[in-house]
Amino acid sequence: MIGHHSDALQVLSVLLHYPDQDLLNDLEEIDSLVANLPSSETKPAMQAFISDLKTQPPIGVQERYTALFDMDPATTLNITFHAFGDNEKRAAALAYLQHNYAQAGWERATGELPDYLPLMLEFLAVCPHPEHTAPVWQCLQSMPPLVARLEEKAPVYAALLQLIVAMAIERCESVDNSSDPPETMT
């Protein structure tokens, strides 16, 4: 399927952020970047997503995003919530992700939690060290329930997230995850 393509991860990170006016103004440039991605497997879902954003009024795009990801815990982009709910195991997973980012020398530029999907994708796009990316990839494998819920509510988002799940599965199958903490990221 898809290997570790930092350009695709960076584009996915941008597309999954809140669709503010800057993002909406940059859709043509992003579309051009997608057209030049080396993997044709990622292009159709990204292009369909960009086309969807272009055809909707900005306020509609923003309202949909807020309703999906900010108002409904079942479709939050805080990925550890889907694996653990809101409990001690999730707290441990969040702490582990933050520690992992710090060990890689990467600092979050926003106040988002370390399991916020666009932030995780940004980290994967820039971090060259498999020992630091493996736990993040493993965490991303917990997204199938989120994808299933989004298939009903927002199929264009579900298609993007399915790309990420496929990347995570492939990556985790190809890398030894011996650095994973016991019972925190599975």
# chains A, B, ... in the order shown; residues from 1 in each chain; ligands from 1

$ closest_atom_pairs --of "range 109-143 of chain A" --to "range 67-85 of chain A" --cutoff "10 Å" --atoms "only C-alpha atoms" --output "CSV"
residue,atom,partner,partner_atom,distance
A:Glu112,CA,A:Asn78,CA,8.9
A:Leu113,CA,A:Asn78,CA,7.3
A:Pro114,CA,A:Asn78,CA,8.2
A:Asp115,CA,A:Asn78,CA,5.1
A:Tyr116,CA,A:Asn78,CA,4.4
A:Leu117,CA,A:Leu77,CA,5.4
A:Pro118,CA,A:Leu77,CA,8.0
A:Leu119,CA,A:Asn78,CA,9.8
A:Met120,CA,A:Ile79,CA,9.3
A:Cys139,CA,A:Thr80,CA,7.0
A:Leu140,CA,A:Ile79,CA,7.0
A:Gln141,CA,A:Ala83,CA,9.3
A:Ser142,CA,A:Ala83,CA,5.8
A:Met143,CA,A:Ile79,CA,6.9

$ residues_around --residues "Ala48 in chain A" --least-positions-apart "4" --cutoff "8 Å" --atoms "only C-alpha atoms" --output "ChimeraX atom specification"
/A:44,52,156

$ write_last_selection --atoms "N, CA and C atoms" --output "short mmCIF file (atom, residue, chain, number, x, y, z; two decimals), in the first residue's frame"
data_model
loop_
_atom_site.label_atom_id
_atom_site.label_comp_id
_atom_site.auth_asym_id
_atom_site.auth_seq_id
_atom_site.Cartn_x
_atom_site.Cartn_y
_atom_site.Cartn_z
N PRO A 44 -6.74 9.91 -4.99
CA PRO A 44 -8.20 10.03 -5.18
C PRO A 44 -8.93 10.54 -3.93
N ASP A 52 -14.55 18.56 -2.44
CA ASP A 52 -15.68 18.77 -1.52
C ASP A 52 -15.55 20.12 -0.82
N VAL A 156 -16.17 11.87 3.12
CA VAL A 156 -14.90 12.42 2.62
C VAL A 156 -13.84 12.43 3.70
#

$ closest_residue --among "A:Leu161, A:Ser13, A:Ala8, A:Ile50" --to "Leu27 in chain A" --atoms "only C-alpha atoms"
A:Ile50

$ residues_around --residues "His132 in chain A" --least-positions-apart "4" --cutoff "8 Å" --atoms "only C-alpha atoms" --output "NGL selection string"
:A and (100-101 or 103-104 or 127 or 136)

$ select_by_dssp --residues "chain A" --states "alpha helix (DSSP H)" --output "count of residues only"
118

$ closest_residue --among "A:Ala168, A:Pro19, A:Asn87, A:Leu37" --to "Glu63 in chain A" --atoms "only C-alpha atoms"
A:Pro19

$ atom_distance --atom1 "CA of Pro38 in chain A" --atom2 "CA of Leu97 in chain A"
29.2 Å
